[in-house]
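Structure file work_36.csv; described as CSV, C-alpha atoms and all ligand atoms.
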chain,number,residue,atom,x,y,z
R,222,MET,CA,7.2,18.2,-7.3
R,223,GLY,CA,6.7,20.2,-10.5
R,224,PRO,CA,3.8,22.3,-11.6
R,225,THR,CA,1.7,19.7,-13.5
R,226,ARG,CA,-1.1,18.0,-11.7
R,227,LYS,CA,0.1,14.7,-10.3
R,228,ILE,CA,-1.8,11.4,-10.7
R,229,ALA,CA,-1.8,9.1,-7.6
R,230,VAL,CA,-3.0,5.5,-7.4
R,231,VAL,CA,-3.8,4.0,-4.0
R,232,THR,CA,-4.7,0.3,-3.7
R,233,GLY,CA,-7.1,-1.1,-1.1
R,234,ALA,CA,-8.4,2.4,-0.6
R,235,ASN,CA,-12.1,2.0,0.3
R,236,ARG,CA,-11.3,2.2,4.1
R,237,GLY,CA,-8.5,2.5,6.6
R,238,ILE,CA,-5.1,3.9,5.9
R,239,GLY,CA,-5.6,3.7,2.1
R,240,PHE,CA,-8.7,5.8,2.3
R,241,GLU,CA,-7.0,8.4,4.4
R,242,THR,CA,-4.0,8.4,2.1
R,243,CYS,CA,-6.3,9.3,-0.8
R,244,ARG,CA,-7.8,12.2,1.2
R,245,GLN,CA,-4.4,13.6,2.1
R,246,LEU,CA,-2.9,13.3,-1.4
R,247,ALA,CA,-6.0,14.9,-2.9
R,248,ARG,CA,-5.9,17.7,-0.3
R,249,GLY,CA,-2.3,18.3,-1.4
R,250,GLY,CA,-3.6,18.9,-5.0
R,251,MET,CA,-3.2,15.5,-6.6
R,252,LYS,CA,-5.7,13.7,-8.8
R,253,VAL,CA,-6.3,10.5,-6.9
R,254,ILE,CA,-7.5,7.1,-8.2
R,255,LEU,CA,-9.1,5.3,-5.3
R,256,ALA,CA,-8.7,1.6,-6.2
R,257,ALA,CA,-10.8,-1.0,-4.4
R,258,ARG,CA,-11.9,-4.6,-5.2
R,259,ASP,CA,-15.5,-4.0,-4.1
R,260,GLU,CA,-17.2,-1.7,-6.6
R,261,ALA,CA,-20.0,-0.6,-4.3
R,262,LYS,CA,-17.7,0.2,-1.4
R,263,GLY,CA,-15.1,1.9,-3.6
R,264,ARG,CA,-17.7,4.1,-5.3
R,265,VAL,CA,-19.2,5.2,-1.9
R,266,ALA,CA,-15.6,5.9,-0.6
R,267,ALA,CA,-14.7,8.0,-3.6
R,268,GLN,CA,-18.0,9.9,-3.5
R,269,ARG,CA,-17.3,10.7,0.2
R,270,LEU,CA,-14.0,12.4,-0.7
R,271,ARG,CA,-15.6,14.2,-3.7
R,272,ASP,CA,-18.2,15.5,-1.3
R,273,GLU,CA,-15.3,17.1,0.6
R,274,GLY,CA,-14.4,18.9,-2.6
R,275,LEU,CA,-11.5,16.6,-3.5
R,276,ASP,CA,-10.5,15.3,-7.0
R,277,VAL,CA,-10.9,11.5,-6.5
R,278,ASP,CA,-12.0,8.9,-9.0
R,279,PHE,CA,-12.9,5.3,-8.3
R,280,ALA,CA,-11.4,2.3,-10.2
R,281,ARG,CA,-12.0,-1.4,-9.6
R,282,LEU,CA,-8.9,-3.4,-8.7
R,283,ASP,CA,-8.5,-6.8,-7.0
R,284,VAL,CA,-4.7,-7.1,-6.6
R,285,THR,CA,-4.9,-10.9,-6.4
R,286,ASP,CA,-6.6,-11.2,-9.9
R,287,GLY,CA,-4.3,-10.8,-12.9
R,288,ASP,CA,-7.2,-9.9,-15.2
R,289,SER,CA,-8.4,-7.2,-12.8
R,290,VAL,CA,-4.8,-5.8,-12.6
R,291,ARG,CA,-4.4,-5.7,-16.4
R,292,GLU,CA,-7.8,-4.1,-16.9
R,293,PHE,CA,-7.0,-1.5,-14.3
R,294,ALA,CA,-3.7,-0.7,-16.0
R,295,ARG,CA,-5.4,-0.3,-19.4
R,296,PHE,CA,-8.0,2.0,-17.8
R,297,VAL,CA,-5.4,4.1,-16.1
R,298,ARG,CA,-3.3,4.4,-19.3
R,299,LYS,CA,-6.3,5.4,-21.4
R,300,GLU,CA,-7.8,7.8,-18.9
R,301,TYR,CA,-4.8,9.4,-17.2
R,302,GLY,CA,-1.7,8.4,-19.3
R,303,ARG,CA,0.7,8.1,-16.4
R,304,VAL,CA,1.1,7.4,-12.7
R,305,ASP,CA,3.2,9.8,-10.5
R,306,VAL,CA,2.5,8.1,-7.2
R,307,LEU,CA,1.7,4.5,-6.6
R,308,VAL,CA,0.8,3.4,-3.0
R,309,ASN,CA,0.7,-0.4,-2.7
R,310,ASN,CA,-1.5,-0.4,0.4
R,311,ALA,CA,-4.0,-3.3,-0.1
R,312,GLY,CA,-3.2,-5.8,2.6
R,313,VAL,CA,-4.7,-8.7,4.7
R,314,MET,CA,-3.8,-10.2,8.0
R,315,ILE,CA,-5.5,-13.6,8.3
R,316,ASP,CA,-3.3,-15.4,10.9
R,317,GLN,CA,-5.4,-16.5,13.8
R,318,ARG,CA,-5.2,-13.7,16.3
R,319,GLY,CA,-3.1,-14.6,19.4
R,320,SER,CA,-1.8,-17.7,17.8
R,321,PHE,CA,1.6,-17.1,19.5
R,322,LEU,CA,0.2,-16.9,23.0
R,323,PRO,CA,1.4,-19.6,25.5
R,324,GLY,CA,-0.5,-22.8,24.8
R,325,MET,CA,-1.5,-21.7,21.3
R,326,PRO,CA,-0.1,-23.4,18.2
R,327,GLY,CA,2.0,-20.6,16.6
R,328,VAL,CA,4.1,-21.1,13.5
R,329,PHE,CA,4.4,-24.9,14.0
R,330,LYS,CA,0.7,-25.2,13.3
R,331,THR,CA,0.3,-22.3,10.8
R,332,LYS,CA,-1.6,-23.5,7.8
R,333,ILE,CA,0.5,-23.2,4.6
R,334,GLU,CA,-2.7,-22.1,2.9
R,335,THR,CA,-2.8,-19.1,5.3
R,336,VAL,CA,0.7,-18.0,4.4
R,337,ARG,CA,-0.1,-18.6,0.7
R,338,GLU,CA,-3.3,-16.5,0.8
R,339,THR,CA,-1.5,-13.7,2.7
R,340,MET,CA,1.4,-13.6,0.2
R,341,GLU,CA,-1.1,-13.5,-2.7
R,342,THR,CA,-2.4,-10.1,-1.6
R,343,ASN,CA,0.5,-8.5,0.4
R,344,VAL,CA,3.4,-9.5,-1.9
R,345,TYR,CA,2.2,-10.9,-5.3
R,346,GLY,CA,-0.5,-8.2,-5.3
R,347,ALA,CA,2.0,-5.4,-4.9
R,348,LEU,CA,4.3,-7.1,-7.5
R,349,ARG,CA,1.5,-7.5,-10.0
R,350,VAL,CA,0.3,-4.0,-9.7
R,351,THR,CA,3.7,-2.4,-9.9
R,352,GLN,CA,4.7,-4.6,-13.0
R,353,ALA,CA,1.4,-3.6,-14.7
R,354,LEU,CA,1.9,0.2,-14.0
R,355,ARG,CA,5.6,0.3,-14.6
R,356,PRO,CA,5.2,1.6,-18.2
R,357,LEU,CA,3.2,4.5,-16.8
R,358,LEU,CA,5.7,5.6,-14.2
R,359,PRO,CA,7.7,8.6,-15.5
R,360,GLU,CA,11.4,7.8,-15.5
R,361,THR,CA,12.7,11.3,-15.9
R,362,GLY,CA,12.0,14.8,-14.6
R,363,ASP,CA,10.1,14.6,-11.3
R,364,GLY,CA,9.9,10.8,-11.9
R,365,ALA,CA,7.5,8.7,-9.8
R,366,ARG,CA,7.1,7.4,-6.2
R,367,VAL,CA,6.2,3.9,-5.3
R,368,ILE,CA,5.4,3.4,-1.6
R,369,ASN,CA,4.9,-0.1,-0.3
R,370,VAL,CA,2.8,-0.1,2.9
R,371,SER,CA,4.7,-2.6,5.0
R,372,SER,CA,4.9,-3.2,8.8
R,373,GLY,CA,7.3,-3.3,11.6
R,374,MET,CA,6.1,-6.9,11.9
R,375,GLY,CA,8.2,-7.6,8.7
R,376,GLN,CA,11.4,-6.2,10.2
R,377,LEU,CA,14.1,-9.0,10.4
R,378,SER,CA,15.9,-6.9,13.0
R,379,GLU,CA,12.8,-7.0,15.3
R,380,MET,CA,11.4,-10.5,14.2
R,381,ASN,CA,9.4,-12.3,16.9
R,382,GLY,CA,7.0,-15.2,16.9
R,383,GLY,CA,3.3,-15.1,16.0
R,384,TYR,CA,1.4,-13.9,12.9
R,385,ALA,CA,3.8,-16.0,10.7
R,386,GLY,CA,1.9,-15.4,7.5
R,387,TYR,CA,1.7,-11.7,7.9
R,388,ARG,CA,5.3,-11.3,9.1
R,389,ILE,CA,6.7,-13.4,6.2
R,390,SER,CA,4.6,-11.4,3.7
R,391,LYS,CA,5.8,-8.0,5.0
R,392,THR,CA,9.4,-9.2,4.9
R,393,GLY,CA,8.8,-10.3,1.3
R,394,LEU,CA,7.3,-6.9,0.5
R,395,ASN,CA,10.4,-5.2,1.9
R,396,ALA,CA,12.5,-7.4,-0.3
R,397,LEU,CA,10.5,-6.3,-3.3
R,398,THR,CA,11.1,-2.7,-2.3
R,399,ARG,CA,14.9,-3.3,-2.4
R,400,ILE,CA,14.7,-5.2,-5.7
R,401,PHE,CA,12.5,-2.5,-7.4
R,402,ALA,CA,14.8,0.3,-6.2
R,403,ASP,CA,17.9,-1.5,-7.4
R,404,GLU,CA,16.5,-2.3,-10.8
R,405,LEU,CA,15.3,1.3,-11.2
R,406,LYS,CA,18.7,2.8,-10.3
R,407,GLY,CA,19.5,5.5,-12.9
R,408,THR,CA,15.8,6.5,-13.3
R,409,ALA,CA,13.9,9.1,-11.3
R,410,ILE,CA,11.5,6.4,-9.9
R,411,ARG,CA,11.9,6.2,-6.1
R,412,VAL,CA,10.7,3.1,-4.2
R,413,ASN,CA,10.4,2.8,-0.5
R,414,SER,CA,8.6,0.8,2.3
R,415,ILE,CA,6.9,2.4,5.2
R,416,CYS,CA,5.5,1.2,8.5
R,417,PRO,CA,2.4,3.2,9.6
R,418,GLY,CA,2.6,2.2,13.2
R,419,TRP,CA,-0.3,0.5,15.0
R,420,VAL,CA,-3.4,2.2,13.5
R,421,ARG,CA,-7.1,2.1,14.5
R,422,THR,CA,-8.6,0.5,11.4
R,423,ASP,CA,-10.5,-2.8,10.8
R,424,MET,CA,-7.1,-4.5,10.7
R,425,GLY,CA,-5.5,-2.7,13.6
R,426,GLY,CA,-8.6,-2.9,15.9
R,427,PRO,CA,-10.0,-0.3,18.3
R,428,LYS,CA,-7.2,-0.4,20.8
R,429,ALA,CA,-4.5,0.7,18.3
R,430,GLU,CA,-2.7,3.9,19.4
R,431,ARG,CA,-2.8,5.8,16.1
R,432,THR,CA,-5.4,7.4,13.9
R,433,PRO,CA,-5.6,6.7,10.2
R,434,GLU,CA,-4.4,10.3,9.7
R,435,GLN,CA,-1.2,9.5,11.6
R,436,GLY,CA,-0.9,6.2,9.8
R,437,ALA,CA,-1.0,7.9,6.4
R,438,ASP,CA,1.5,10.6,7.3
R,439,THR,CA,4.8,9.0,6.3
R,440,ILE,CA,3.2,7.7,3.0
R,441,VAL,CA,2.2,11.2,2.1
R,442,TRP,CA,5.5,12.7,3.2
R,443,LEU,CA,7.4,10.3,0.8
R,444,ALA,CA,4.9,10.9,-2.0
R,445,THR,CA,5.2,14.7,-1.9
R,446,MET,CA,8.7,15.5,-0.7
R,447,PRO,CA,10.6,17.4,-3.5
R,448,VAL,CA,13.6,15.0,-3.5
R,449,ALA,CA,12.9,11.5,-2.2
R,450,PRO,CA,15.3,8.8,-1.2
R,451,THR,CA,15.0,5.3,-2.7
R,452,GLY,CA,15.3,1.7,-1.3
R,453,GLY,CA,14.6,2.7,2.3
R,454,PHE,CA,12.2,1.7,5.1
R,455,PHE,CA,10.6,4.6,7.0
R,456,LYS,CA,8.4,5.1,10.1
R,457,ASP,CA,7.4,8.5,11.4
R,458,ARG,CA,9.4,10.2,8.6
R,459,LYS,CA,12.6,8.5,9.8
R,460,ALA,CA,14.6,5.6,8.3
R,461,ILE,CA,14.3,2.3,10.3
R,462,PRO,CA,16.3,-0.9,10.1
R,463,TRP,CA,15.1,-3.8,7.8
R,501,LIG,N1,-3.6,-1.0,10.9
R,501,LIG,C1,-2.4,-1.3,11.3
R,501,LIG,O1,-2.1,-1.2,12.5
R,501,LIG,C2,-1.3,-1.6,10.3
R,501,LIG,C3,0.0,-1.7,10.8
R,501,LIG,C4,1.1,-1.9,9.9
R,501,LIG,C5,0.8,-2.1,8.6
R,501,LIG,N2,-0.5,-2.0,8.1
R,501,LIG,C6,-0.7,-2.1,6.7
R,501,LIG,O2,-1.4,-1.0,6.2
R,501,LIG,C7,-2.2,-1.4,5.0
R,501,LIG,C8,-3.6,-0.9,5.2
R,501,LIG,O3,-4.2,-1.6,6.3
R,501,LIG,P1,-5.4,-1.0,7.2
R,501,LIG,O4,-5.0,-1.0,8.6
R,501,LIG,O5,-6.0,0.2,6.5
R,501,LIG,O6,-6.4,-2.2,7.0
R,501,LIG,P2,-7.9,-2.4,6.6
R,501,LIG,O7,-8.8,-1.3,7.2
R,501,LIG,O8,-8.2,-3.8,6.9
R,501,LIG,O9,-7.9,-2.2,5.0
R,501,LIG,C9,-7.3,-3.1,4.1
R,501,LIG,C10,-7.7,-2.7,2.7
R,501,LIG,O10,-7.1,-3.6,1.8
R,501,LIG,C11,-8.1,-4.0,0.9
R,501,LIG,N3,-7.8,-5.3,0.2
R,501,LIG,C12,-7.6,-6.5,0.8
R,501,LIG,N4,-7.4,-7.4,-0.1
R,501,LIG,C13,-7.5,-6.8,-1.3
R,501,LIG,C14,-7.4,-7.2,-2.7
R,501,LIG,N5,-7.2,-8.5,-3.0
R,501,LIG,N6,-7.5,-6.3,-3.7
R,501,LIG,C15,-7.7,-5.0,-3.3
R,501,LIG,N7,-7.8,-4.5,-2.1
R,501,LIG,C16,-7.7,-5.4,-1.1
R,501,LIG,C17,-9.4,-4.0,1.7
R,501,LIG,O11,-10.5,-4.1,0.9
R,501,LIG,P3,-12.0,-4.8,1.4
R,501,LIG,O12,-12.7,-3.7,2.1
R,501,LIG,O13,-12.6,-5.1,0.1
R,501,LIG,O14,-11.7,-5.9,2.2
R,501,LIG,C18,-9.2,-2.7,2.5
R,501,LIG,O15,-9.7,-1.7,1.7
R,501,LIG,C19,-2.1,-2.9,4.9
R,501,LIG,O16,-1.1,-3.2,4.0
R,501,LIG,C20,-1.6,-3.3,6.3
R,501,LIG,O17,-0.9,-4.5,6.3
R,501,LIG,C21,-1.5,-1.7,9.0

Written as structure tokens, that's how I'd like the structure from this file.
Ligand SMILES: NC(=O)c1ccc[n+]([C@@H]2O[C@H](COP(=O)([O-])OP(=O)(O)OC[C@H]3O[C@@H](n4cnc5c(N)ncnc54)[C@H](OP(=O)(O)O)[C@@H]3O)[C@@H](O)[C@H]2O)c1
Amino acid sequence: MGPTRKIAVVTGANRGIGFETCRQLARGGMKVILAARDEAKGRVAAQRLRDEGLDVDFARLDVTDGDSVREFARFVRKEYGRVDVLVNNAGVMIDQRGSFLPGMPGVFKTKIETVRETMETNVYGALRVTQALRPLLPETGDGARVINVSSGMGQLSEMNGGYAGYRISKTGLNALTRIFADELKGTAIRVNSICPGWVRTDMGGPKAERTPEQGADTIVWLATMPVAPTGGFFKDRKAIPW
């Protein structure tokens, strides 16, 4: 990327993979806006990174709330003027754990409300935020990078039972990646999905095999590589099937 200081936005960044992504982008020299829905948690998280000597600001953003998203976009436009990197990381997994195990109800008993609530954050949230920040993404020169934090659980090629709401939402997010990338053809805005692997966070749980550092790696790789692909799905810095 070019010599000017890049501005990065990471959603759902007060903990987990989002928090670590902020740290790594800031270590790489970007100015990072750590966005979180809970003001107290977000401020503490941003201060932690500033205490490490990193250039990180907090801004409030609930991706499920249209007013919050509009206010966030206004704030970013006024304070920073553009967004070079957008990481749509905020996500929830609210399917009953183990619901696909033998004797458990699985998709046939999944509450529609569970699917709807998951979509609200994981798909409509990413759509809302990307729509609102679209005017701030530079179309020429170095352009911009949009990285949607998806999951292997959304891969149609690997689709299994269980966690129906979460799986459907991540497949939907992957569709959004393809639609954004196609509509942005001819611009220098690059849009990709990534799978971080199974990561030790509140969502992934303590038995997960990867650290948040490892989970953030492919996000940061796509955000900082000099010439980026678009419309792809990546894990461990390699393209994977949809
Ligand atoms: N961990 C894994 O193994 C794994 C695997 C594949 C994909 N992923 C994906 O990676 C991303 C990050 O997950 P994680 O493992 O770091 O999970 P996490 O520790 O549970 O963090 C999720 C983050 O999203 C935020 N969030 C939830 N709803 C939000 C909303 N409406 N507005 C703004 N922020 C919201 C949470 O904020 P609060 O603190 O306020 O709740 C939290 O900061 C997610 O998209 C997840 O689906 C994770």

Give me, please, the distance in Å between CA of Arg421 (chain R) and atom O6 of ligand LIG 501 (chain R), quoted to one decimal.
-> 8.7 Å

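Put simply, CA of Ile238 (chain R) is 28.8 Å away from CA of Gly362 (chain R).
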
Enumerate, in order of chain and increasing residue number, the residues of chain R with an atom no farther than 6 Å from ligand LIG 501 (chain R), each with its shortest atom pair and distance in Å to one decimal, counting all atoms listed in the file, as a tab-separated table.
residue	atom	partner	partner_atom	distance
R:Thr232	CA	R:LIG501	N7	5.9
R:Gly233	CA	R:LIG501	N7	3.6
R:Ala234	CA	R:LIG501	O15	4.9
R:Asn235	CA	R:LIG501	O15	4.6
R:Arg236	CA	R:LIG501	O15	4.9
R:Gly237	CA	R:LIG501	O5	3.4
R:Ile238	CA	R:LIG501	O5	3.9
R:Gly239	CA	R:LIG501	O5	5.6
R:Ala257	CA	R:LIG501	N7	5.2
R:Arg258	CA	R:LIG501	C15	4.6
R:Asp259	CA	R:LIG501	O13	5.2
R:Leu282	CA	R:LIG501	C15	5.8
R:Asp283	CA	R:LIG501	N6	3.5
R:Val284	CA	R:LIG501	N6	4.1
R:Thr285	CA	R:LIG501	N5	4.8
R:Asn310	CA	R:LIG501	O16	4.6
R:Ala311	CA	R:LIG501	O10	3.6
R:Gly312	CA	R:LIG501	O16	3.6
R:Val313	CA	R:LIG501	C12	5.3
R:Thr342	CA	R:LIG501	N5	5.2
R:Val370	CA	R:LIG501	O16	5.1
R:Ser371	CA	R:LIG501	C5	5.3
R:Ser372	CA	R:LIG501	C4	4.2
R:Cys416	CA	R:LIG501	C4	5.6
R:Pro417	CA	R:LIG501	C4	5.3
R:Gly418	CA	R:LIG501	C3	5.3
R:Trp419	CA	R:LIG501	O1	3.5
R:Val420	CA	R:LIG501	O1	3.8
R:Arg421	CA	R:LIG501	N1	5.9
R:Thr422	CA	R:LIG501	O7	4.6
R:Asp423	CA	R:LIG501	O7	4.3
R:Met424	CA	R:LIG501	O8	4.0
R:Gly425	CA	R:LIG501	N1	3.7

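The coordinates place CA of Asp278 (chain R) at 22.2 Å from CA of Gly364 (chain R).
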
Considering all atoms listed in the file, return as a ChimeraX atom specification whatever protein or nucleic-acid residues lie within 9 Å of Thr445 (chain R), sequence-local ones (same chain, fewer than 2 positions apart) excluded.
-> /R:222,246,249,306,366,440-443,447-449

Using all atoms listed in the file, find the one residue out of R:Val367, R:Ile461, R:Met314, R:Val290 that sits nearest to Ala409 (chain R).
-> R:Val367

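Here the question is which of R:Thr331, R:Ser414, R:Asp403, R:Gly436 gets nearest to Tyr384 (chain R) using all atoms listed in the file, and that residue is R:Thr331.
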
Mind checking which residues fall within 6 Å of region 270-276 of chain R, counting only C-alpha atoms, ignoring those fewer than 2 positions away in the same chain, and posting them as a compact mmCIF listing (two decimals) with C-alpha atoms, in the frame of the given file?
# COMPACT_ATOMS: atom_id res chain seq x y z
CA ALA R 247 -6.00 14.90 -2.90
CA LYS R 252 -5.70 13.70 -8.80
CA ALA R 267 -14.70 8.00 -3.60
CA GLN R 268 -18.00 9.90 -3.50

Kindly provide, as a PyMOL selection string, the polymer residues lying within 12 Å of (7.3, -12.2, 2.1), counting all atoms listed in the file and using the coordinates exactly as they appear in the file.
-> chain R and resi 336-348+371-372+374-377+385-398

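In terms of minimum interatomic distance to Met380 (chain R), R:Trp463 ranks closest within R:Phe240, R:Val231, R:Trp463, R:Ala294, counting all atoms listed in the file.
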
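Comparing R:Pro433, R:Pro427, R:Pro462, R:Pro450 by their smallest distance to Cys243 (chain R), the closest is R:Pro433 (using all atoms listed in the file).
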
Using only C-alpha atoms, which residues sit within 8 Å of Asn413 (chain R) once same-chain residues fewer than 2 positions away are excluded, as a list of chain:residue names?
-> R:Val367, R:Ile368, R:Asn369, R:Thr398, R:Arg399, R:Ala402, R:Arg411, R:Ile415, R:Pro450, R:Thr451, R:Gly452, R:Gly453, R:Phe454, R:Phe455

Please, could all heavy atoms be added to region 342-351 of chain R and the result written as a short mmCIF file (atom, residue, chain, number, x, y, z; two decimals), in the coordinates of the input?
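Contents of out.cif, freshly written:
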data_model
loop_
_atom_site.label_atom_id
_atom_site.label_comp_id
_atom_site.auth_asym_id
_atom_site.auth_seq_id
_atom_site.Cartn_x
_atom_site.Cartn_y
_atom_site.Cartn_z
N THR R 342 -1.99 -11.51 -1.63
CA THR R 342 -2.40 -10.10 -1.60
C THR R 342 -1.16 -9.20 -1.26
O THR R 342 -0.85 -8.26 -1.99
CB THR R 342 -3.43 -9.86 -0.48
OG1 THR R 342 -4.56 -10.68 -0.75
CG2 THR R 342 -3.85 -8.40 -0.42
N ASN R 343 -0.46 -9.50 -0.17
CA ASN R 343 0.50 -8.50 0.40
C ASN R 343 1.80 -8.47 -0.42
O ASN R 343 2.47 -7.44 -0.41
CB ASN R 343 0.84 -8.92 1.84
CG ASN R 343 -0.36 -8.80 2.77
OD1 ASN R 343 -1.48 -8.55 2.33
ND2 ASN R 343 -0.14 -9.00 4.05
N VAL R 344 2.16 -9.57 -1.11
CA VAL R 344 3.40 -9.50 -1.90
C VAL R 344 3.12 -9.64 -3.38
O VAL R 344 3.46 -8.73 -4.14
CB VAL R 344 4.35 -10.70 -1.47
CG1 VAL R 344 5.70 -10.58 -2.21
CG2 VAL R 344 4.58 -10.69 0.02
N TYR R 345 2.46 -10.72 -3.81
CA TYR R 345 2.20 -10.90 -5.30
C TYR R 345 1.31 -9.78 -5.76
O TYR R 345 1.43 -9.35 -6.92
CB TYR R 345 1.65 -12.26 -5.59
CG TYR R 345 2.38 -13.41 -4.95
CD1 TYR R 345 1.73 -14.57 -4.57
CD2 TYR R 345 3.76 -13.34 -4.71
CE1 TYR R 345 2.39 -15.62 -3.96
CE2 TYR R 345 4.43 -14.38 -4.10
CZ TYR R 345 3.74 -15.51 -3.72
OH TYR R 345 4.40 -16.54 -3.11
N GLY R 346 0.39 -9.30 -4.89
CA GLY R 346 -0.50 -8.20 -5.30
C GLY R 346 0.31 -6.96 -5.62
O GLY R 346 0.12 -6.34 -6.68
N ALA R 347 1.21 -6.59 -4.72
CA ALA R 347 2.00 -5.40 -4.90
C ALA R 347 2.93 -5.60 -6.18
O ALA R 347 3.16 -4.67 -6.96
CB ALA R 347 2.89 -5.11 -3.71
N LEU R 348 3.43 -6.82 -6.36
CA LEU R 348 4.30 -7.10 -7.50
C LEU R 348 3.50 -6.97 -8.82
O LEU R 348 3.93 -6.30 -9.77
CB LEU R 348 4.89 -8.51 -7.39
CG LEU R 348 5.75 -8.99 -8.56
CD1 LEU R 348 6.92 -8.05 -8.83
CD2 LEU R 348 6.27 -10.41 -8.29
N ARG R 349 2.32 -7.61 -8.84
CA ARG R 349 1.50 -7.50 -10.00
C ARG R 349 1.14 -6.11 -10.42
O ARG R 349 1.27 -5.71 -11.58
CB ARG R 349 0.11 -8.21 -9.74
CG ARG R 349 0.01 -9.64 -10.10
CD ARG R 349 -1.45 -10.10 -9.93
NE ARG R 349 -1.39 -11.49 -9.55
CZ ARG R 349 -1.49 -11.94 -8.32
NH1 ARG R 349 -1.73 -11.12 -7.31
NH2 ARG R 349 -1.38 -13.23 -8.08
N VAL R 350 0.70 -5.33 -9.44
CA VAL R 350 0.30 -4.00 -9.70
C VAL R 350 1.44 -3.11 -10.19
O VAL R 350 1.34 -2.35 -11.16
CB VAL R 350 -0.41 -3.33 -8.48
CG1 VAL R 350 -0.70 -1.86 -8.69
CG2 VAL R 350 -1.70 -4.09 -8.13
N THR R 351 2.59 -3.27 -9.55
CA THR R 351 3.70 -2.40 -9.90
C THR R 351 4.26 -2.85 -11.30
O THR R 351 4.63 -1.99 -12.10
CB THR R 351 4.86 -2.57 -8.84
OG1 THR R 351 4.27 -2.37 -7.56
CG2 THR R 351 5.95 -1.54 -9.05
#
